[in-house]
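Undergrad: This is the structure I have questions about; it appears just below.
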Protein chains: 2
Amino acid sequence: MNSKLQSRVEKVGDAVAAGNLTQLEFLALNSSLNLADGHARQELTAGQAKIIARLPDLWAEAQERTVHEIEREAQESYFHLLGQHSYPGGDGRVLSCYSSSVAMEIYARALATTTDAVALVHPTFDNIPDILTGVGLRLVPLEEDVLHGGDLPVGLLQSVGAVFVTTPNNPTGRVLSEEGLRGLAAQCAEHGVVLTLDTSFRGFDTDAHYDHYAVLEESGCRWVVIEDTGKLWPTLELKVGWLVRSANVGLPIAKVYSDILLGVSPLVLAMVRELAEDAADAGLADLHDYIAENRALLRTELAGLPDIRFVDEDTRVSVERVHVGDRYAADVWARMCEHSVYVLPCQKFHWARPAEGDRLLRIALSRSPAAIAAAARVLRSVLLDT
Amino acid sequence: MNSKLQSRVEKVGDAVAAGNLTQLEFLALNSSLNLADGHARQELTAGQAKIIARLPDLWAEAQERTVHEIEREAQESYFHLLGQHSYPGGDGRVLSCYSSSVAMEIYARALATTTDAVALVHPTFDNIPDILTGVGLRLVPLEEDVLHGGDLPVGLLQSVGAVFVTTPNNPTGRVLSEEGLRGLAAQCAEHGVVLTLDTSFRGFDTDAHYDHYAVLEESGCRWVVIEDTGKLWPTLELKVGWLVRSANVGLPIAKVYSDILLGVSPLVLAMVRELAEDAADAGLADLHDYIAENRALLRTELAGLPDIRFVDEDTRVSVERVHVGDRYAADVWARMCEHSVYVLPCQKFHWARPAEGDRLLRIALSRSPAAIAAAARVLRSVLLDT
């Protein structure tokens, strides 16, 4: 390893200890073998490429029509694509944000005006706990097994102002079932707790395509949902995070929103509308096949290593966790960096107890098969040598 | 006035009392005579239209090259265009954000970890005080006349952790001179206060094109600057807010940044690079002429109304304030809404003493001359009748 790379990996080592997952993803941004972040970086399909070729036409459309019309169409196409037929678009309860993280920041700031504690699913992507604690909220871990195991403990619900669930979860891929959501919403209604869902990875798993908004509205609970167009399509970080809320949420979400933005680009909204229509017309099924094939490819390339396990057997989201046996994932990851292949060690996902992620790597699958195969081969050789 | 419009104007009246300027701007978004927000909504010039026609090519470029390269080029083109030759791009102290407001939110969150009070220029656009107070900071008004009158009172500097100045200011257009900045930076250095500049309207006024970064770096003070590409070009809300900081700032800005985003779109960065190059090649001078002509048009259309004054005689920014004599600006504004013409009443800019804005309207000039003329004629008739 040359000294520049050595210095970089050392810096990276410091980041693993002190920083967050996004900082690790940032290191990978300019690498050709970046399998770190969960953003979509595969090639455009033929259908998507046609839409991108028409960007100047979409620009002209966005100049001529009102933002309101294009926004309504984009919402309709996107929410219906994913089975969310009861979303409350008609009465202005869907706010368009630059990204799901901006939506989360707005929500967190609004939430912090009325409570000081949130129950948050554990593990999950670390910018969620970091944003929530960054605005002064205290976190109570909600273990995945508890979340999916039936009623939440009453004591937990009494100790917090909100319950925050990522579904499908990142990185585990676990999906809150319709029955599970109904029970959780009933409990939140009973205890006056704001039920919050981050559904950024919803697009990848049809188990998450039941109509969440129907369940939420029927429950009468106070709720917030954050949707994200940014994980599905390789749109060079052009995306929309939708911040959706119940009529009774009782939080100054619209006010904080207006502190941060007037609205998102109608060009991006028009592009999202077109991509959602393309996805409805077979593109989404093709994407599901694509991710499944990349997952199979990764598993095949690593087959026969006796102490390596794929811990999320049935997951369909666009990331895959690999258990690296007795090795430390941070060591494996540092060795991969030497080969300029970037993935994520999982400690930071386990925001309450990082050691639970010590033996796990997360590998992004929204990449070309060639990138998956090349990275898998490097990983295999590193695993054989660590 | 029909009942739907009546209801809308009443809602708007409530918003004036309870809401913020962005909420008023939002009401105007879908109107053909929206002269409310300060975003650029004029037509593309021929040079800009050529760039937009090439968006698919820029997309291809952004797919092939690294984000880092395109980001560096965009920064170089933009900062040099506006005379900011000493910006610290080389050592990673320029963070690209979705917008200047997102940059401000990130800065505010980082600042609030080390201080609880900020001196803020008065008046200024109200999302600045709202974001700062939203993260828990207490504000101390810094009157424009005090700011431009020489040394700040030592007591003021001792009572705050940061001084926040919008220059050119929105809505007044007043620019902090090089000498003024040098003195202020020296005072901030002496008192360990973070000097913060929001230069979002910098592009419109060559008086703000001296090299601020040279002055700031030379002073040794802790500083933060927020730049904004979003006011200059009619890019359908596609923009970059740059969050720039001194090496000694001592705030967790990079960490909070990484909680909110991994980076902005390389397509937007490539577009900003191209627009900045077009602007350097005569486009910026043309824009200055365009704004000056729109200002002259507005003033001409309102000429001869004896009690009407343009209070910012020498301003060059893309908004104009009109003093409406003994009338209440909110009344004039409500009457204009009846004609579907949207401007801004100015109370909320005067965040510490709203009554100081009671007689002032702000009118956006980054619009087509036809829109300016049509709105001015409505305003004239309303003024004659109020």
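Chain labels follow the order of the structure tokens: the first chain is A, the next B, and so on; residue numbering restarts at 1 in every chain, and ligands are counted from 1 in their shown order.
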Would you list which chain A residues are within 7 Å of chain B using only C-alpha atoms, as a ChimeraX atom specification?
TA: /A:22-23,26,30,52-53,55-56,66-68,98,101-102,127,130-131,236-238,258-262,264-267
Undergrad: Based on DSSP run over this structure's backbone, return all residues of range 246-320 of chain A in alpha helix (DSSP H), as a VMD selection string.
TA: chain A and resid 253 to 260 266 to 278 284 to 301
Undergrad: Looking only at strand (DSSP E or B) from DSSP on the backbone, list the matching residues of range 190-385 of chain A as JSON, numbers by chain.
TA: {"A": [194, 195, 196, 197, 198, 223, 224, 225, 226, 227, 228, 241, 242, 243, 244, 245, 309, 310, 319, 320, 321, 322, 323, 341, 342, 344, 345, 360, 361, 362, 363, 364]}
Undergrad: Can you tell me which residues surround range 296-309 of chain A at a distance of at most 7 Å, considering only C-alpha atoms, apart from same-chain residues fewer than 4 positions away, and format the answer as a list in words?
TA: Ala292, Val322, His323, Val324, Gly325, Ile372, Ala373, Ala376, Arg377 and Arg380 of chain A
Undergrad: Which residues are near Trp333 in chain B? Cut-off 12 Å, only C-alpha atoms, ignore same chain within fewer than 3 positions. Put them as a PyMOL selection string.
TA: chain B and resi 9+12-13+16+24+28+35-36+322+324+327-330+336-347+358-363+375+378-380+382-383+386
Undergrad: Would you kindly return, as a list in words, each protein, DNA or RNA residue with an atom no farther than 12 Å from any atom of His80 in chain A, considering only C-alpha atoms and excluding same-chain residues fewer than 2 positions away?
TA: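 My reading of the contact set: Arg72, Glu73, Ala74, Gln75, Glu76, Ser77, Tyr78, Leu82, Gly83, Gln84, His85, Ser86, Tyr87, Pro88, Gly89, Gly203, His209, Tyr210, Asp211, His212, Tyr213, Arg273, Ala276, Glu277, Ala279 and Ala280 of chain A.
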Undergrad: Could you tell me how far CA of Leu232 in chain B sits from CA of Leu81 in chain B, in Å to one decimal place?
TA: 12.0 Å
